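This report concerns only the one structure given below.
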Amino acid sequence: MEPVITLAEREDFAEMIQLADLTLPDRMNLHELKKYFELFPDLIFKATYERKIIAFCCAGIDMYQSTGWLLFNIVKKEFQGNGIGKRLIRTRLTALEKFPTVNRVLVTVSELNRPSIRALESFGFKFVEREPNYYGPGKHRDIFELPIVRKQPKASPLVASFL
Ligand SMILES: CC(C)(COP(=O)(O)OP(=O)(O)OC[C@H]1O[C@@H](n2cnc3c(N)ncnc32)[C@H](O)[C@@H]1OP(=O)(O)O)[C@@H](O)C(=O)NCCC(=O)NCCS
């Protein structure tokens, strides 16, 4: 049976934090997660398998509503390498594309996180900038970007003939 991806709910807090603590300690805490729920309730997703949360992810949008951000993505160790991380990227990109003013998506990734970088590149994300010492001395952050290209509606032949 495939893991199922759905919107996360507030009742999932405890299970999500437990998973984050096990997989990526010191990165996400309850307070931060609660803030994401307040700010971006439609951009937080979980993957469940046999009723247990085995992965989750968050996205956000900047205050000008032009830039979407992939904020956090985590897959339980024993489920990694099965394409769930990529499914969670696709889910968030689909959600962000529904906001008509969002024209690019950014993500911060550690230069050492090969699985994340490979997954992002497979969606067309490109490296744009390195911010030295962002996480502390010697710990840099890399920013990757994906432009959102929207299909323009085709002009009808009648309108086109007058142009
Ligand atoms: C990063 C993470 C979310 C990726 O999720 P995942 O389900 O394991 O990834 P996927 O199976 O979708 O694979 C993504 C890509 O990484 C590659 N990959 C997977 N595991 C890998 C590994 N151990 N080493 C190198 N590449 C790996 C896959 O082959 C795939 O690349 P491809 O499209 O070129 O084949 C997951 O590894 C994780 O939770 N890591 C710890 C938390 C973390 O670092 N989160 C990101 C920062 S918020």
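The way I read the labels, and the way they are meant: chains A, B, ... in the order of the structure tokens, residue 1 as the first residue of every chain, and ligand 1 as the first ligand shown, with later ones counted on from there.
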
Next item on the list: Name the residues of chain A that come out as helix (DSSP H, G or I) in a backbone DSSP run; write them as a VMD selection string.
Entry: chain A and resid 10 to 23 30 to 39 41 to 43 77 to 79 84 to 97 114 to 122 157 to 162

Next item on the list: Mind checking which residues fall within 7 Å of Lys126 (chain A), counting only C-alpha atoms, ignoring those fewer than 3 positions away in the same chain, and posting them as a list in words?
Entry: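 Listed by chain and then number, they are Glu121, Phe144, Glu145 and Leu146 of chain A.
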
Nearby residues (only C-alpha atoms) at most 12 Å from Met1 (chain A), same-chain spacing under 4 positions excluded, as a CSV table (one decimal) with N, CA and C atoms, in the first residue's frame:
```
chain,number,residue,atom,x,y,z
A,48,THR,N,0.8,9.5,5.3
A,48,THR,CA,0.5,8.5,6.4
A,48,THR,C,0.6,7.1,5.7
A,49,TYR,N,1.0,6.2,6.6
A,49,TYR,CA,1.1,4.8,6.1
A,49,TYR,C,0.6,4.0,7.3
A,50,GLU,N,-0.4,3.2,7.1
A,50,GLU,CA,-1.0,2.4,8.1
A,50,GLU,C,-1.4,3.3,9.3
A,51,ARG,N,-2.0,4.4,9.0
A,51,ARG,CA,-2.5,5.4,10.0
A,51,ARG,C,-1.4,6.1,10.8
```

Item checked: All residues having an atom within 9 Å of ligand 1 (only C-alpha atoms and all ligand atoms) as an NGL selection string -> :A and (20 or 23-24 or 27-28 or 55-57 or 70-89 or 108-110 or 113-123)

Check: Which neighbours of Ile61 (chain A) fall inside 9 Å, counting only C-alpha atoms, when residues of the same chain fewer than 6 positions from it are skipped, and could you give them as JSON, numbers by chain?
Finding: {"A": [40, 67, 68, 69, 70, 96, 102, 105]}

Could those residues be written to a file, using N, CA and C atoms, as a JSON list (two decimals), in the first residue's frame?
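out_31.json written:
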```json
[["chain", "number", "residue", "atom", "x", "y", "z"],
["A", 40, "PHE", "N", 0.07, 29.33, 7.43],
["A", 40, "PHE", "CA", -0.10, 28.63, 6.14],
["A", 40, "PHE", "C", -0.86, 27.30, 6.28],
["A", 67, "THR", "N", 6.40, 35.24, -3.94],
["A", 67, "THR", "CA", 7.38, 34.16, -3.78],
["A", 67, "THR", "C", 6.84, 33.09, -2.83],
["A", 68, "GLY", "N", 6.83, 31.86, -3.32],
["A", 68, "GLY", "CA", 6.49, 30.73, -2.46],
["A", 68, "GLY", "C", 7.78, 30.16, -1.89],
["A", 69, "TRP", "N", 7.71, 29.59, -0.73],
["A", 69, "TRP", "CA", 8.88, 28.95, -0.10],
["A", 69, "TRP", "C", 8.56, 27.51, 0.27],
["A", 70, "LEU", "N", 9.47, 26.61, -0.03],
["A", 70, "LEU", "CA", 9.41, 25.26, 0.55],
["A", 70, "LEU", "C", 10.18, 25.34, 1.86],
["A", 96, "LEU", "N", 1.10, 25.71, -4.32],
["A", 96, "LEU", "CA", 1.57, 27.09, -4.52],
["A", 96, "LEU", "C", 1.14, 27.66, -5.87],
["A", 102, "VAL", "N", 1.89, 34.15, -7.30],
["A", 102, "VAL", "CA", 3.20, 33.54, -7.01],
["A", 102, "VAL", "C", 3.92, 33.23, -8.32],
["A", 105, "VAL", "N", 9.40, 29.96, -6.77],
["A", 105, "VAL", "CA", 9.47, 29.23, -5.50],
["A", 105, "VAL", "C", 10.94, 29.14, -5.10]]
```

Next item on the list: Just the residues within 9 Å of Thr6 (chain A), please, counting only C-alpha atoms, with nothing from its chain fewer than 4 positions along; format it as a list in words.
Entry: Ile44, Phe45, Lys46, Ala47 and Thr48 of chain A

Next item on the list: May I have all residues of region 81-156 of chain A that DSSP, computed from the backbone, assigns to strand (DSSP E), given as a VMD selection string?
Entry: chain A and resid 104 to 109 126 to 131 141 to 147

Kindly save the residues from that selection, with N, CA and C atoms included, as a PDB file, in the first residue's frame.
```
ATOM      1  N   ARG A 104       7.499  32.553  -8.405  1.00  0.00           N
ATOM      2  CA  ARG A 104       8.707  31.730  -8.230  1.00  0.00           C
ATOM      3  C   ARG A 104       8.632  31.032  -6.880  1.00  0.00           C
ATOM      4  N   VAL A 105       9.398  29.958  -6.773  1.00  0.00           N
ATOM      5  CA  VAL A 105       9.468  29.232  -5.501  1.00  0.00           C
ATOM      6  C   VAL A 105      10.940  29.139  -5.103  1.00  0.00           C
ATOM      7  N   LEU A 106      11.229  29.468  -3.845  1.00  0.00           N
ATOM      8  CA  LEU A 106      12.592  29.388  -3.319  1.00  0.00           C
ATOM      9  C   LEU A 106      12.670  28.325  -2.231  1.00  0.00           C
ATOM     10  N   VAL A 107      13.860  27.823  -2.047  1.00  0.00           N
ATOM     11  CA  VAL A 107      14.074  26.855  -0.968  1.00  0.00           C
ATOM     12  C   VAL A 107      15.515  26.972  -0.495  1.00  0.00           C
ATOM     13  N   THR A 108      15.674  26.847   0.798  1.00  0.00           N
ATOM     14  CA  THR A 108      17.013  26.843   1.394  1.00  0.00           C
ATOM     15  C   THR A 108      17.428  25.400   1.613  1.00  0.00           C
ATOM     16  N   VAL A 109      18.656  25.087   1.217  1.00  0.00           N
ATOM     17  CA  VAL A 109      19.096  23.704   1.416  1.00  0.00           C
ATOM     18  C   VAL A 109      20.577  23.686   1.792  1.00  0.00           C
ATOM     19  N   LYS A 126      17.061  25.500  -9.601  1.00  0.00           N
ATOM     20  CA  LYS A 126      18.456  25.812  -9.917  1.00  0.00           C
ATOM     21  C   LYS A 126      19.072  26.615  -8.772  1.00  0.00           C
ATOM     22  N   PHE A 127      20.369  26.331  -8.517  1.00  0.00           N
ATOM     23  CA  PHE A 127      21.100  27.078  -7.493  1.00  0.00           C
ATOM     24  C   PHE A 127      21.172  28.551  -7.895  1.00  0.00           C
ATOM     25  N   VAL A 128      20.859  29.482  -6.944  1.00  0.00           N
ATOM     26  CA  VAL A 128      20.974  30.907  -7.274  1.00  0.00           C
ATOM     27  C   VAL A 128      21.963  31.653  -6.381  1.00  0.00           C
ATOM     28  N   GLU A 129      22.125  31.219  -5.155  1.00  0.00           N
ATOM     29  CA  GLU A 129      22.929  32.041  -4.249  1.00  0.00           C
ATOM     30  C   GLU A 129      23.395  31.238  -3.041  1.00  0.00           C
ATOM     31  N   ARG A 130      24.616  31.525  -2.583  1.00  0.00           N
ATOM     32  CA  ARG A 130      25.081  30.944  -1.318  1.00  0.00           C
ATOM     33  C   ARG A 130      25.203  32.060  -0.291  1.00  0.00           C
ATOM     34  N   GLU A 131      24.625  31.843   0.900  1.00  0.00           N
ATOM     35  CA  GLU A 131      24.739  32.832   1.967  1.00  0.00           C
ATOM     36  C   GLU A 131      25.689  32.261   3.020  1.00  0.00           C
ATOM     37  N   ARG A 141      24.216  28.518   3.719  1.00  0.00           N
ATOM     38  CA  ARG A 141      22.945  28.068   3.147  1.00  0.00           C
ATOM     39  C   ARG A 141      22.961  28.326   1.648  1.00  0.00           C
ATOM     40  N   ASP A 142      22.429  27.368   0.903  1.00  0.00           N
ATOM     41  CA  ASP A 142      22.285  27.531  -0.539  1.00  0.00           C
ATOM     42  C   ASP A 142      20.819  27.765  -0.840  1.00  0.00           C
ATOM     43  N   ILE A 143      20.553  28.726  -1.727  1.00  0.00           N
ATOM     44  CA  ILE A 143      19.165  28.987  -2.119  1.00  0.00           C
ATOM     45  C   ILE A 143      18.964  28.481  -3.550  1.00  0.00           C
ATOM     46  N   PHE A 144      17.908  27.707  -3.739  1.00  0.00           N
ATOM     47  CA  PHE A 144      17.536  27.202  -5.056  1.00  0.00           C
ATOM     48  C   PHE A 144      16.213  27.848  -5.457  1.00  0.00           C
ATOM     49  N   GLU A 145      16.060  28.054  -6.765  1.00  0.00           N
ATOM     50  CA  GLU A 145      14.855  28.739  -7.253  1.00  0.00           C
ATOM     51  C   GLU A 145      14.212  27.975  -8.404  1.00  0.00           C
ATOM     52  N   LEU A 146      12.890  28.026  -8.420  1.00  0.00           N
ATOM     53  CA  LEU A 146      12.124  27.487  -9.559  1.00  0.00           C
ATOM     54  C   LEU A 146      11.126  28.556 -10.014  1.00  0.00           C
ATOM     55  N   PRO A 147      11.269  29.083 -11.243  1.00  0.00           N
ATOM     56  CA  PRO A 147      10.247  30.032 -11.721  1.00  0.00           C
ATOM     57  C   PRO A 147       8.944  29.296 -11.986  1.00  0.00           C
TER      58      PRO A 147
END
```

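In terms of minimum interatomic distance to Leu112 (chain A), A:Lys139 ranks closest within A:Asp62, A:Lys151, A:Asp26, A:Lys139, counting only C-alpha atoms.
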
Margin query: I'd like the interatomic distance between CA of Lys35 (chain A) and CA of Glu2 (chain A), to a tenth of an Å.
Written below: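 If I compute the distance from CA of Lys35 (chain A) to CA of Glu2 (chain A), I get 29.7 Å.
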
Margin query: I need the residue nearest Pro100 (chain A) from this list: A:Lys154, A:Tyr135, A:His140, A:Ser66. Use only C-alpha atoms for the distance.
Written below: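 Ranking A:Lys154, A:Tyr135, A:His140, A:Ser66 by distance to Pro100 (chain A), first place goes to A:Ser66.
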
Note to self: Report, in Å with one decimal, the straight-line distance from CA of Glu11 (chain A) to CA of Leu39 (chain A).
What the structure shows: 16.5 Å

Notebook entry, point to check: Hey, what's within 8 Å of Leu43 (chain A) if we count only C-alpha atoms and toss same-chain stuff fewer than 5 positions away? As a list in words, please?
Noted result: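 My list of contacting residues is Leu7, Cys58, Ala59, Gly60, Arg92, Ala95 and Leu96 of chain A.
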
Item checked: Nearest to Gln65 (chain A) by atom-to-atom distance, counting only C-alpha atoms, from A:Gln18, A:Asn133, A:Asn29, A:Thr101 -> A:Thr101

Next item on the list: Mind checking which residues fall within 8 Å of Lys34 (chain A), counting only C-alpha atoms, ignoring those fewer than 4 positions away in the same chain, and posting them as a ChimeraX atom specification?
Entry: /A:13,30,38

Item checked: Using only C-alpha atoms: which of A:Ile54, A:Pro132, A:Leu93, A:Lys98 has the shortest distance to Val4 (chain A) ->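 Looking only at the distances to Val4 (chain A), the closest residue turns out to be A:Ile54.
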